[in-house]
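Note sheet for the following structure.
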Amino acid sequence: MSAKKVALLTTNFFHPSSKRIIMGGAERYQVDLCRLLKDLGYYVEVWQIGSGWTREFDGVRIRSIPVTKSEYNTFPDLATAFYENSMAFDYALYFILTLAYPIAREKSIAISHGVFWDWPGFDLMAGKPEDRQEWLRRLSIALAGPQKLVSVDTNTINYFNATLAGFYHKWEYIPNYVDTDLFSPPAEEPAGNDTVRVLFPRRLVPVRGINETMRAAEKLTSRYPWIEFHFCGRGHDDNAERLMNQWAGNRERCFYYWKPLEMMPEIYRQADIVLIPSRSTEGTSLAALEAMACGKPVIAGLAGGLSDIILHGYNGYLIKPTVENLVAAIEELARDKDKRKLMGRRAREVALTFNRKIWAERWARVLEEVFR
Amino acid sequence: MPKLTAMMIVRNEADRYLERCLKSLSSYADEIVILDDASTDTTPELCASFPAVKLYHRETSLFLIDESRLRRELWDYTAATNPEWILALDADELLEDRAARELPYLLRQDLFPAIGFRLFDCWGGEEYYRVDGLWSPWLRGFSIYLVKYQPHLPAAWPEQAFHCGRLPLAYRRLPYLESDLRIKHLGWANPAEIRPKYERAVGRDPTFKYQPREHYESILWPPEKIQLEKWR
């Protein structure tokens, strides 16, 4: 019997007009999910927005559908074209919840990577009562179609249970994951160095708290000669990277770079404190889990699913990421090595319960229920 | 570690940056395949003094006649070394020092078959690079310099006398990882070379097919019009 076919619908894995891919958390999730599907014996293809090109990435064919219209963060033309053209596929995965509007394949699953409508800019787009109502109406249709809804955090599930009731039994909580063999604590303590390294390991975008962190870095590096700040991640565009490079270049003990994923375990191991100070648009951050798996305490923002993985005062801090709060939390950990070590050990322990194998098993169970 | 072969076309580079480039390449490349395009100076001897170099020599220069054929020749010599990855740098381009430590991670990753870098044009020396207009490394983005060798991909170049690109077309269409390792380009670093280089560039592109006229003119701009950033 030939392999059952799965079509995964997303918006922009590749940049719609080019060969460019920036591997953020969502892209890595997609690659890992496609690998899991292949391991489970499915044939998988990805569909996205584009001019009609077909490409391949990591052994998966990626087709593009030439539509661009987007309204209320939904893509009705894309979803409809996908529905009509993917009949040769047995099952479908909607990589973003809103892609299941206005129509979803019968045997399908939609995924939420976290609440993304909690950033202030969203209010400009769907803030008026009638717009808000239309956005929610479309969401309720998107949730109704797929047989299962997978969420990476409990925040999303709680939001929907309180806002669009009636989908309780469709929701499955499958938090994000980390390869705890690859991401592991340093074998031994680096000797003879009193420098405390603070790492901001992600895309340099405002909702991730980059601006607050830069200001906190200025304050703390001028206060303590033994503290360093490392910003490791891409900007949202070339100009942001240029400005970040200039900013760090003009400051002692502030560094800006990014590294391939293969190098990240080493980057985390060299850090003493890791910052995930998101203000919004957050799930169960892969970067936070990776830092934890490397035995590092995490100072996280109160957003999305970060409260599913960080317990305030146990394996890190959960704060509203203002400059003052960041300075206070970093200072507290920077000055107390024992506390850092204790929280780091606990962080590793917590990370083990988010092991990638557990993620794969949970996904396999949900797939088995729907794809039959 | 996957095998990395660097490849390079050279012509009369002995008194420029070739020695530094080969020293740098020797610190991370397993082999360096060089096609000498009929140099009349000591370039071949210099190349041959590096143990990692595999040197091929042309008796007559091809660069100005048919660049794509010359590129193709170099590619074939390079492919013959059974490389896993191929790096295409010129004799006045250097990957920054940390490449020796960080390249292995790029070569070991298995998601991307190509790697892009940003190129920084040093200007008036090595301490500063140019950032105005089309010179800005930040705004012109990444180009592919490093690719995983895939024998099944066609090794064809566009039918173009020059500016035909260093890598076969199929390799330039691969999805690529954008690396933060910078390429330091020294081609414009020596003020004495700027005017002859300008004349050569415009002479080869009199109708401004490859670059806008303003860009060529900006080569000769006075210092006060040029914007620089410090290389750190």
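Each chain in the structure tokens gets a letter, A, B, ..., in the order shown, and its residues are numbered from 1; ligands are numbered from 1 in order too.
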
Write out, as a Markdown table, each residue of chain B that has an atom at most 10 Å from chain A, together with the closest pair of atoms and their distance in Å to one decimal, counting only C-alpha atoms, rows going by chain and rising number.
| residue | atom | partner | partner_atom | distance |
| --- | --- | --- | --- | --- |
| B:Glu102 | CA | A:Met263 | CA | 8.1 |
| B:Leu103 | CA | A:Pro260 | CA | 9.8 |
| B:Pro104 | CA | A:Met263 | CA | 9.6 |
| B:Tyr105 | CA | A:Glu262 | CA | 5.9 |
| B:Leu106 | CA | A:Pro260 | CA | 6.7 |
| B:Leu107 | CA | A:Glu262 | CA | 10.0 |
| B:Arg108 | CA | A:Glu262 | CA | 8.0 |
| B:Gln109 | CA | A:Glu262 | CA | 6.5 |
| B:Asp110 | CA | A:Asp58 | CA | 8.0 |
| B:Leu111 | CA | A:Asp58 | CA | 5.7 |
| B:Phe112 | CA | A:Asp58 | CA | 7.8 |
| B:Pro113 | CA | A:Phe57 | CA | 9.3 |
| B:Ser136 | CA | A:Arg242 | CA | 9.7 |
| B:Pro137 | CA | A:Arg242 | CA | 9.0 |
| B:Trp138 | CA | A:Asp238 | CA | 5.4 |
| B:Leu139 | CA | A:Asp238 | CA | 6.0 |
| B:Arg140 | CA | A:Asp238 | CA | 8.6 |
| B:Gly141 | CA | A:Asp238 | CA | 7.2 |
| B:Phe142 | CA | A:Arg20 | CA | 9.8 |
| B:Arg172 | CA | A:Lys19 | CA | 9.5 |
| B:Arg173 | CA | A:Lys19 | CA | 7.0 |
| B:Leu174 | CA | A:Lys19 | CA | 6.9 |
| B:Pro175 | CA | A:Lys19 | CA | 5.0 |
| B:Tyr176 | CA | A:Arg20 | CA | 6.8 |
| B:Leu177 | CA | A:Ile21 | CA | 7.5 |
| B:Glu178 | CA | A:Ile22 | CA | 7.9 |
| B:Ser179 | CA | A:Lys259 | CA | 7.1 |
| B:Asp180 | CA | A:Trp258 | CA | 6.0 |
| B:Leu181 | CA | A:Tyr257 | CA | 8.8 |
| B:Glu229 | CA | A:Gln246 | CA | 8.7 |
| B:Lys230 | CA | A:Gly249 | CA | 8.9 |
| B:Trp231 | CA | A:Gly249 | CA | 9.3 |
| B:Arg232 | CA | A:Gly249 | CA | 7.0 |

Output N, CA and C atoms for every residue in the selection just made, as a JSON list (two decimals), in the first residue's frame.
[["chain", "number", "residue", "atom", "x", "y", "z"],
["B", 102, "GLU", "N", 34.03, 28.54, 13.13],
["B", 102, "GLU", "CA", 32.58, 28.44, 12.95],
["B", 102, "GLU", "C", 32.14, 27.71, 11.68],
["B", 103, "LEU", "N", 33.01, 27.67, 10.67],
["B", 103, "LEU", "CA", 32.62, 27.00, 9.43],
["B", 103, "LEU", "C", 32.23, 25.53, 9.65],
["B", 104, "PRO", "N", 32.95, 24.81, 10.51],
["B", 104, "PRO", "CA", 32.56, 23.41, 10.68],
["B", 104, "PRO", "C", 31.08, 23.22, 11.03],
["B", 105, "TYR", "N", 30.51, 24.15, 11.78],
["B", 105, "TYR", "CA", 29.08, 24.03, 12.12],
["B", 105, "TYR", "C", 28.22, 24.21, 10.88],
["B", 106, "LEU", "N", 28.64, 25.11, 10.00],
["B", 106, "LEU", "CA", 27.87, 25.33, 8.78],
["B", 106, "LEU", "C", 27.97, 24.11, 7.85],
["B", 107, "LEU", "N", 29.15, 23.50, 7.83],
["B", 107, "LEU", "CA", 29.35, 22.35, 6.94],
["B", 107, "LEU", "C", 28.63, 21.11, 7.47],
["B", 108, "ARG", "N", 28.46, 21.06, 8.78],
["B", 108, "ARG", "CA", 27.81, 19.87, 9.36],
["B", 108, "ARG", "C", 26.29, 19.95, 9.31],
["B", 109, "GLN", "N", 25.73, 21.17, 9.21],
["B", 109, "GLN", "CA", 24.27, 21.27, 9.22],
["B", 109, "GLN", "C", 23.72, 20.62, 7.95],
["B", 110, "ASP", "N", 22.52, 20.07, 8.04],
["B", 110, "ASP", "CA", 22.01, 19.35, 6.88],
["B", 110, "ASP", "C", 20.72, 19.93, 6.31],
["B", 111, "LEU", "N", 20.32, 21.13, 6.74],
["B", 111, "LEU", "CA", 19.09, 21.71, 6.20],
["B", 111, "LEU", "C", 19.34, 22.50, 4.93],
["B", 112, "PHE", "N", 20.44, 23.23, 4.90],
["B", 112, "PHE", "CA", 20.67, 24.14, 3.77],
["B", 112, "PHE", "C", 21.82, 23.64, 2.90],
["B", 113, "PRO", "N", 21.59, 23.56, 1.58],
["B", 113, "PRO", "CA", 22.66, 23.13, 0.67],
["B", 113, "PRO", "C", 23.56, 24.28, 0.21],
["B", 136, "SER", "N", 26.43, 49.51, 0.27],
["B", 136, "SER", "CA", 26.07, 49.08, 1.62],
["B", 136, "SER", "C", 25.91, 47.56, 1.72],
["B", 137, "PRO", "N", 26.76, 46.94, 2.51],
["B", 137, "PRO", "CA", 26.64, 45.48, 2.67],
["B", 137, "PRO", "C", 25.33, 45.12, 3.37],
["B", 138, "TRP", "N", 24.78, 46.07, 4.11],
["B", 138, "TRP", "CA", 23.56, 45.78, 4.87],
["B", 138, "TRP", "C", 22.36, 45.76, 3.97],
["B", 139, "LEU", "N", 22.36, 46.62, 2.95],
["B", 139, "LEU", "CA", 21.17, 46.73, 2.13],
["B", 139, "LEU", "C", 21.21, 45.84, 0.89],
["B", 140, "ARG", "N", 22.40, 45.47, 0.44],
["B", 140, "ARG", "CA", 22.40, 44.64, -0.77],
["B", 140, "ARG", "C", 22.27, 43.16, -0.44],
["B", 141, "GLY", "N", 22.32, 42.83, 0.83],
["B", 141, "GLY", "CA", 21.96, 41.47, 1.23],
["B", 141, "GLY", "C", 23.07, 40.44, 1.07],
["B", 142, "PHE", "N", 22.65, 39.19, 0.99],
["B", 142, "PHE", "CA", 23.58, 38.06, 1.03],
["B", 142, "PHE", "C", 23.78, 37.48, -0.36],
["B", 172, "ARG", "N", 23.03, 28.65, -7.63],
["B", 172, "ARG", "CA", 22.63, 29.98, -7.15],
["B", 172, "ARG", "C", 21.14, 30.04, -6.85],
["B", 173, "ARG", "N", 20.41, 28.97, -7.22],
["B", 173, "ARG", "CA", 18.97, 28.97, -6.96],
["B", 173, "ARG", "C", 18.62, 28.17, -5.72],
["B", 174, "LEU", "N", 19.62, 27.65, -5.05],
["B", 174, "LEU", "CA", 19.34, 26.81, -3.88],
["B", 174, "LEU", "C", 18.91, 27.67, -2.69],
["B", 175, "PRO", "N", 18.04, 27.11, -1.83],
["B", 175, "PRO", "CA", 17.76, 27.85, -0.59],
["B", 175, "PRO", "C", 19.03, 27.91, 0.25],
["B", 176, "TYR", "N", 19.31, 29.07, 0.80],
["B", 176, "TYR", "CA", 20.58, 29.21, 1.48],
["B", 176, "TYR", "C", 20.42, 29.74, 2.90],
["B", 177, "LEU", "N", 21.38, 29.35, 3.71],
["B", 177, "LEU", "CA", 21.45, 29.84, 5.08],
["B", 177, "LEU", "C", 22.23, 31.15, 5.07],
["B", 178, "GLU", "N", 21.73, 32.14, 5.77],
["B", 178, "GLU", "CA", 22.43, 33.41, 5.82],
["B", 178, "GLU", "C", 23.34, 33.40, 7.04],
["B", 179, "SER", "N", 24.63, 33.48, 6.79],
["B", 179, "SER", "CA", 25.60, 33.42, 7.88],
["B", 179, "SER", "C", 26.00, 34.83, 8.30],
["B", 180, "ASP", "N", 26.33, 34.99, 9.58],
["B", 180, "ASP", "CA", 26.79, 36.32, 10.01],
["B", 180, "ASP", "C", 28.29, 36.49, 9.83],
["B", 181, "LEU", "N", 28.98, 35.48, 9.30],
["B", 181, "LEU", "CA", 30.40, 35.64, 8.99],
["B", 181, "LEU", "C", 30.53, 36.64, 7.84],
["B", 229, "GLU", "N", 31.95, 52.92, 7.44],
["B", 229, "GLU", "CA", 31.75, 52.41, 8.79],
["B", 229, "GLU", "C", 33.00, 51.67, 9.19],
["B", 230, "LYS", "N", 33.27, 51.65, 10.48],
["B", 230, "LYS", "CA", 34.49, 51.00, 10.93],
["B", 230, "LYS", "C", 34.32, 49.49, 10.98],
["B", 231, "TRP", "N", 35.31, 48.81, 10.48],
["B", 231, "TRP", "CA", 35.33, 47.33, 10.57],
["B", 231, "TRP", "C", 35.75, 46.95, 11.98],
["B", 232, "ARG", "N", 34.89, 46.24, 12.69],
["B", 232, "ARG", "CA", 35.27, 45.80, 14.04],
["B", 232, "ARG", "C", 35.23, 44.30, 14.13]]

For this session: Please identify which residues in region 11-221 of chain B DSSP calls helix (DSSP H, G or I) from the backbone, and express them as a ChimeraX atom specification.
Result: /B:18-26,43-48,67-79,99-108,133-135,137-140,169-172,191-204,213-218

Exercise: Glu214 (chain B) partners within 12 Å, only C-alpha atoms, chain neighbours under 2 positions left out, as a PDB file with all heavy atoms, in the first residue's frame:
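Saved as result12.pdb:
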ATOM      1  N   ASP B 132      27.615  53.713   1.532  1.00  0.00           N
ATOM      2  CA  ASP B 132      26.658  54.557   0.806  1.00  0.00           C
ATOM      3  C   ASP B 132      26.135  53.817  -0.427  1.00  0.00           C
ATOM      4  O   ASP B 132      26.825  52.991  -1.024  1.00  0.00           O
ATOM      5  CB  ASP B 132      27.295  55.898   0.415  1.00  0.00           C
ATOM      6  CG  ASP B 132      28.619  55.712  -0.318  1.00  0.00           C
ATOM      7  OD1 ASP B 132      29.595  55.299   0.337  1.00  0.00           O
ATOM      8  OD2 ASP B 132      28.661  55.935  -1.533  1.00  0.00           O
ATOM      9  N   GLY B 133      24.899  54.139  -0.789  1.00  0.00           N
ATOM     10  CA  GLY B 133      24.282  53.600  -2.007  1.00  0.00           C
ATOM     11  C   GLY B 133      24.401  52.093  -2.133  1.00  0.00           C
ATOM     12  O   GLY B 133      24.189  51.351  -1.174  1.00  0.00           O
ATOM     13  N   LEU B 134      24.772  51.647  -3.327  1.00  0.00           N
ATOM     14  CA  LEU B 134      24.851  50.203  -3.586  1.00  0.00           C
ATOM     15  C   LEU B 134      26.050  49.547  -2.913  1.00  0.00           C
ATOM     16  O   LEU B 134      26.237  48.341  -3.002  1.00  0.00           O
ATOM     17  CB  LEU B 134      24.933  49.941  -5.092  1.00  0.00           C
ATOM     18  CG  LEU B 134      23.686  50.286  -5.912  1.00  0.00           C
ATOM     19  CD1 LEU B 134      23.939  50.021  -7.388  1.00  0.00           C
ATOM     20  CD2 LEU B 134      22.500  49.455  -5.436  1.00  0.00           C
ATOM     21  N   TRP B 135      26.865  50.337  -2.251  1.00  0.00           N
ATOM     22  CA  TRP B 135      28.018  49.763  -1.556  1.00  0.00           C
ATOM     23  C   TRP B 135      27.601  49.151  -0.229  1.00  0.00           C
ATOM     24  O   TRP B 135      28.373  48.389   0.374  1.00  0.00           O
ATOM     25  CB  TRP B 135      29.070  50.836  -1.280  1.00  0.00           C
ATOM     26  CG  TRP B 135      29.657  51.438  -2.518  1.00  0.00           C
ATOM     27  CD1 TRP B 135      29.259  52.590  -3.122  1.00  0.00           C
ATOM     28  CD2 TRP B 135      30.726  50.913  -3.305  1.00  0.00           C
ATOM     29  NE1 TRP B 135      30.013  52.821  -4.239  1.00  0.00           N
ATOM     30  CE2 TRP B 135      30.934  51.817  -4.378  1.00  0.00           C
ATOM     31  CE3 TRP B 135      31.542  49.785  -3.209  1.00  0.00           C
ATOM     32  CZ2 TRP B 135      31.914  51.612  -5.343  1.00  0.00           C
ATOM     33  CZ3 TRP B 135      32.523  49.594  -4.168  1.00  0.00           C
ATOM     34  CH2 TRP B 135      32.697  50.489  -5.213  1.00  0.00           C
ATOM     35  N   VAL B 202      34.284  50.316 -16.171  1.00  0.00           N
ATOM     36  CA  VAL B 202      33.439  51.029 -17.132  1.00  0.00           C
ATOM     37  C   VAL B 202      33.758  50.572 -18.556  1.00  0.00           C
ATOM     38  O   VAL B 202      32.867  50.428 -19.398  1.00  0.00           O
ATOM     39  CB  VAL B 202      33.618  52.556 -16.975  1.00  0.00           C
ATOM     40  CG1 VAL B 202      32.856  53.297 -18.067  1.00  0.00           C
ATOM     41  CG2 VAL B 202      33.129  52.995 -15.611  1.00  0.00           C
ATOM     42  N   PHE B 208      26.351  50.315 -19.325  1.00  0.00           N
ATOM     43  CA  PHE B 208      25.791  50.224 -17.954  1.00  0.00           C
ATOM     44  C   PHE B 208      24.700  49.159 -17.849  1.00  0.00           C
ATOM     45  O   PHE B 208      23.611  49.401 -17.343  1.00  0.00           O
ATOM     46  CB  PHE B 208      25.279  51.595 -17.484  1.00  0.00           C
ATOM     47  CG  PHE B 208      26.307  52.679 -17.656  1.00  0.00           C
ATOM     48  CD1 PHE B 208      26.189  53.641 -18.650  1.00  0.00           C
ATOM     49  CD2 PHE B 208      27.438  52.700 -16.842  1.00  0.00           C
ATOM     50  CE1 PHE B 208      27.161  54.611 -18.812  1.00  0.00           C
ATOM     51  CE2 PHE B 208      28.410  53.669 -17.003  1.00  0.00           C
ATOM     52  CZ  PHE B 208      28.275  54.627 -17.996  1.00  0.00           C
ATOM     53  N   TYR B 210      25.291  46.166 -16.346  1.00  0.00           N
ATOM     54  CA  TYR B 210      25.412  45.370 -15.126  1.00  0.00           C
ATOM     55  C   TYR B 210      25.254  46.192 -13.851  1.00  0.00           C
ATOM     56  O   TYR B 210      24.852  45.674 -12.818  1.00  0.00           O
ATOM     57  CB  TYR B 210      26.755  44.628 -15.114  1.00  0.00           C
ATOM     58  CG  TYR B 210      26.862  43.666 -16.262  1.00  0.00           C
ATOM     59  CD1 TYR B 210      27.564  44.000 -17.420  1.00  0.00           C
ATOM     60  CD2 TYR B 210      26.206  42.448 -16.212  1.00  0.00           C
ATOM     61  CE1 TYR B 210      27.638  43.127 -18.488  1.00  0.00           C
ATOM     62  CE2 TYR B 210      26.266  41.556 -17.282  1.00  0.00           C
ATOM     63  CZ  TYR B 210      26.974  41.898 -18.412  1.00  0.00           C
ATOM     64  OH  TYR B 210      27.030  41.040 -19.470  1.00  0.00           O
ATOM     65  N   GLN B 211      25.623  47.455 -13.922  1.00  0.00           N
ATOM     66  CA  GLN B 211      25.477  48.342 -12.763  1.00  0.00           C
ATOM     67  C   GLN B 211      25.017  49.695 -13.296  1.00  0.00           C
ATOM     68  O   GLN B 211      25.411  50.094 -14.385  1.00  0.00           O
ATOM     69  CB  GLN B 211      26.821  48.548 -12.047  1.00  0.00           C
ATOM     70  CG  GLN B 211      27.480  47.293 -11.522  1.00  0.00           C
ATOM     71  CD  GLN B 211      26.996  46.913 -10.140  1.00  0.00           C
ATOM     72  OE1 GLN B 211      26.052  47.506  -9.611  1.00  0.00           O
ATOM     73  NE2 GLN B 211      27.619  45.928  -9.537  1.00  0.00           N
ATOM     74  N   PRO B 212      24.232  50.434 -12.506  1.00  0.00           N
ATOM     75  CA  PRO B 212      23.842  51.764 -12.961  1.00  0.00           C
ATOM     76  C   PRO B 212      25.060  52.693 -13.066  1.00  0.00           C
ATOM     77  O   PRO B 212      26.032  52.528 -12.323  1.00  0.00           O
ATOM     78  CB  PRO B 212      22.863  52.248 -11.890  1.00  0.00           C
ATOM     79  CG  PRO B 212      22.978  51.300 -10.743  1.00  0.00           C
ATOM     80  CD  PRO B 212      23.629  50.049 -11.230  1.00  0.00           C
ATOM     81  N   TYR B 216      28.977  53.351 -10.880  1.00  0.00           N
ATOM     82  CA  TYR B 216      30.357  53.452 -11.379  1.00  0.00           C
ATOM     83  C   TYR B 216      30.937  54.826 -11.015  1.00  0.00           C
ATOM     84  O   TYR B 216      32.084  54.930 -10.606  1.00  0.00           O
ATOM     85  CB  TYR B 216      30.394  53.252 -12.897  1.00  0.00           C
ATOM     86  CG  TYR B 216      30.139  51.827 -13.330  1.00  0.00           C
ATOM     87  CD1 TYR B 216      29.011  51.488 -14.060  1.00  0.00           C
ATOM     88  CD2 TYR B 216      31.042  50.815 -13.014  1.00  0.00           C
ATOM     89  CE1 TYR B 216      28.779  50.182 -14.475  1.00  0.00           C
ATOM     90  CE2 TYR B 216      30.817  49.500 -13.417  1.00  0.00           C
ATOM     91  CZ  TYR B 216      29.680  49.181 -14.142  1.00  0.00           C
ATOM     92  OH  TYR B 216      29.453  47.904 -14.532  1.00  0.00           O
ATOM     93  N   GLU B 217      30.116  55.860 -11.202  1.00  0.00           N
ATOM     94  CA  GLU B 217      30.628  57.208 -10.910  1.00  0.00           C
ATOM     95  C   GLU B 217      30.997  57.353  -9.440  1.00  0.00           C
ATOM     96  O   GLU B 217      31.949  58.057  -9.085  1.00  0.00           O
ATOM     97  CB  GLU B 217      29.593  58.258 -11.320  1.00  0.00           C
ATOM     98  CG  GLU B 217      29.602  58.475 -12.821  1.00  0.00           C
ATOM     99  CD  GLU B 217      28.427  59.301 -13.308  1.00  0.00           C
ATOM    100  OE1 GLU B 217      27.585  59.698 -12.475  1.00  0.00           O
ATOM    101  OE2 GLU B 217      28.367  59.535 -14.529  1.00  0.00           O
ATOM    102  N   SER B 218      30.260  56.658  -8.591  1.00  0.00           N
ATOM    103  CA  SER B 218      30.518  56.794  -7.153  1.00  0.00           C
ATOM    104  C   SER B 218      31.888  56.225  -6.761  1.00  0.00           C
ATOM    105  O   SER B 218      32.405  56.508  -5.692  1.00  0.00           O
ATOM    106  CB  SER B 218      29.414  56.116  -6.335  1.00  0.00           C
ATOM    107  OG  SER B 218      29.556  54.710  -6.376  1.00  0.00           O
ATOM    108  N   ILE B 219      32.488  55.448  -7.666  1.00  0.00           N
ATOM    109  CA  ILE B 219      33.840  54.929  -7.394  1.00  0.00           C
ATOM    110  C   ILE B 219      34.819  56.092  -7.244  1.00  0.00           C
ATOM    111  O   ILE B 219      35.727  56.056  -6.420  1.00  0.00           O
ATOM    112  CB  ILE B 219      34.305  53.984  -8.529  1.00  0.00           C
ATOM    113  CG1 ILE B 219      33.418  52.739  -8.578  1.00  0.00           C
ATOM    114  CG2 ILE B 219      35.768  53.587  -8.359  1.00  0.00           C
ATOM    115  CD1 ILE B 219      33.684  51.828  -9.782  1.00  0.00           C
ATOM    116  N   LEU B 220      34.597  57.129  -8.030  1.00  0.00           N
ATOM    117  CA  LEU B 220      35.550  58.246  -8.046  1.00  0.00           C
ATOM    118  C   LEU B 220      35.118  59.415  -7.162  1.00  0.00           C
ATOM    119  O   LEU B 220      35.712  60.479  -7.215  1.00  0.00           O
ATOM    120  CB  LEU B 220      35.751  58.729  -9.491  1.00  0.00           C
ATOM    121  CG  LEU B 220      36.336  57.682 -10.446  1.00  0.00           C
ATOM    122  CD1 LEU B 220      36.458  58.242 -11.854  1.00  0.00           C
ATOM    123  CD2 LEU B 220      37.704  57.203  -9.953  1.00  0.00           C
ATOM    124  N   TRP B 221      34.088  59.204  -6.376  1.00  0.00           N
ATOM    125  CA  TRP B 221      33.618  60.298  -5.523  1.00  0.00           C
ATOM    126  C   TRP B 221      34.727  60.809  -4.594  1.00  0.00           C
ATOM    127  O   TRP B 221      35.574  60.022  -4.145  1.00  0.00           O
ATOM    128  CB  TRP B 221      32.464  59.825  -4.643  1.00  0.00           C
ATOM    129  CG  TRP B 221      31.128  59.882  -5.350  1.00  0.00           C
ATOM    130  CD1 TRP B 221      30.896  60.277  -6.627  1.00  0.00           C
ATOM    131  CD2 TRP B 221      29.869  59.502  -4.777  1.00  0.00           C
ATOM    132  NE1 TRP B 221      29.546  60.166  -6.898  1.00  0.00           N
ATOM    133  CE2 TRP B 221      28.906  59.706  -5.785  1.00  0.00           C
ATOM    134  CE3 TRP B 221      29.473  59.025  -3.532  1.00  0.00           C
ATOM    135  CZ2 TRP B 221      27.561  59.443  -5.575  1.00  0.00           C
ATOM    136  CZ3 TRP B 221      28.137  58.771  -3.314  1.00  0.00           C
ATOM    137  CH2 TRP B 221      27.191  58.970  -4.328  1.00  0.00           C
TER     138      TRP B 221
END

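Going from CA of Val370 (chain A) over to CA of Leu8 (chain A), you cover 14.4 Å.
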
Exercise. Mind pulling up the distance from CA of Ser2 (chain A) to CA of Asp39 (chain A)?
Worked result: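 These two atoms are separated by 14.5 Å.
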
For this session: Return the single residue from B:Glu19, B:Glu84, B:Glu127, B:Asp90 that is closest to Ala114 (chain B), with distances computed using only C-alpha atoms.
Result: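 Nearest candidate to Ala114 (chain B) out of B:Glu19, B:Glu84, B:Glu127, B:Asp90: B:Glu84.
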
Problem set entry | Test item: residues at most 9 Å from region 148-151 of chain B, only C-alpha atoms, excluding those fewer than 2 positions along its chain, as a PyMOL selection string | chain B and resi 79+82-87+107+112-115+146+153-155+171

Writing out the chosen residues with N, CA and C atoms as a compact mmCIF listing (two decimals), in the first residue's frame:
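So the final result, stored in selection.txt, reads:
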# COMPACT_ATOMS: atom_id res chain seq x y z
N ALA B 79 35.51 19.92 -8.80
CA ALA B 79 34.65 18.75 -8.61
C ALA B 79 35.48 17.47 -8.58
N ASN B 82 36.59 15.57 -5.30
CA ASN B 82 35.56 14.95 -4.45
C ASN B 82 35.22 15.80 -3.24
N PRO B 83 34.84 17.04 -3.47
CA PRO B 83 34.53 17.89 -2.32
C PRO B 83 33.14 17.57 -1.79
N GLU B 84 32.90 17.86 -0.53
CA GLU B 84 31.53 17.83 -0.02
C GLU B 84 30.95 19.24 -0.10
N TRP B 85 31.80 20.22 0.19
CA TRP B 85 31.39 21.62 0.06
C TRP B 85 32.43 22.36 -0.78
N ILE B 86 31.95 23.39 -1.50
CA ILE B 86 32.83 24.20 -2.34
C ILE B 86 32.67 25.67 -1.96
N LEU B 87 33.80 26.32 -1.74
CA LEU B 87 33.80 27.74 -1.39
C LEU B 87 34.44 28.52 -2.53
N LEU B 107 29.15 23.50 7.83
CA LEU B 107 29.35 22.35 6.94
C LEU B 107 28.63 21.11 7.47
N PHE B 112 20.44 23.23 4.90
CA PHE B 112 20.67 24.14 3.77
C PHE B 112 21.82 23.64 2.90
N PRO B 113 21.59 23.56 1.58
CA PRO B 113 22.66 23.13 0.67
C PRO B 113 23.56 24.28 0.21
N ALA B 114 23.29 25.49 0.70
CA ALA B 114 24.12 26.63 0.30
C ALA B 114 24.17 27.63 1.45
N ILE B 115 25.27 28.41 1.48
CA ILE B 115 25.45 29.40 2.54
C ILE B 115 25.72 30.76 1.90
N LEU B 146 29.22 29.58 -0.74
CA LEU B 146 29.59 28.25 -0.25
C LEU B 146 28.42 27.31 -0.56
N LEU B 153 23.38 18.07 -10.04
CA LEU B 153 22.97 19.40 -10.50
C LEU B 153 23.79 19.78 -11.74
N PRO B 154 23.15 20.41 -12.74
CA PRO B 154 23.90 20.82 -13.93
C PRO B 154 24.93 21.89 -13.61
N ALA B 155 26.11 21.76 -14.24
CA ALA B 155 27.18 22.74 -14.00
C ALA B 155 27.21 23.72 -15.15
N TYR B 171 23.21 26.18 -8.68
CA TYR B 171 23.62 26.34 -7.28
C TYR B 171 23.19 27.68 -6.71

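We find CA of Asp92 (chain B) and CA of Lys184 (chain B) to be spaced 8.3 Å apart.
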
For this session: Would you list the contacts of Thr10 (chain A) as a ChimeraX atom specification, taking every protein, DNA or RNA residue within 8 Å and counting only C-alpha atoms, but skipping same-chain residues closer than 5 positions in sequence?
Result: /A:46-49,94-96,99

Residues just named, written with N, CA and C atoms as an mmCIF file, in the first residue's frame:
data_model
loop_
_atom_site.group_PDB
_atom_site.id
_atom_site.type_symbol
_atom_site.label_atom_id
_atom_site.label_comp_id
_atom_site.auth_asym_id
_atom_site.auth_seq_id
_atom_site.Cartn_x
_atom_site.Cartn_y
_atom_site.Cartn_z
ATOM 1 N N VAL A 46 4.234 20.576 1.426
ATOM 2 C CA VAL A 46 3.886 21.859 2.043
ATOM 3 C C VAL A 46 3.322 22.778 0.961
ATOM 4 N N TRP A 47 2.275 23.507 1.303
ATOM 5 C CA TRP A 47 1.688 24.495 0.387
ATOM 6 C C TRP A 47 1.771 25.848 1.071
ATOM 7 N N GLN A 48 2.077 26.872 0.271
ATOM 8 C CA GLN A 48 2.187 28.218 0.850
ATOM 9 C C GLN A 48 1.876 29.284 -0.197
ATOM 10 N N ILE A 49 1.954 30.547 0.210
ATOM 11 C CA ILE A 49 1.742 31.660 -0.714
ATOM 12 C C ILE A 49 2.973 31.812 -1.610
ATOM 13 N N TYR A 94 -3.266 22.380 9.081
ATOM 14 C CA TYR A 94 -3.277 23.834 8.955
ATOM 15 C C TYR A 94 -2.267 24.371 9.959
ATOM 16 N N PHE A 95 -1.152 24.877 9.426
ATOM 17 C CA PHE A 95 -0.028 25.206 10.304
ATOM 18 C C PHE A 95 -0.318 26.439 11.155
ATOM 19 N N ILE A 96 -1.315 27.225 10.726
ATOM 20 C CA ILE A 96 -1.762 28.386 11.495
ATOM 21 C C ILE A 96 -3.274 28.255 11.597
ATOM 22 N N LEU A 99 -5.757 29.619 8.980
ATOM 23 C CA LEU A 99 -5.745 29.079 7.625
ATOM 24 C C LEU A 99 -6.890 28.103 7.395
#
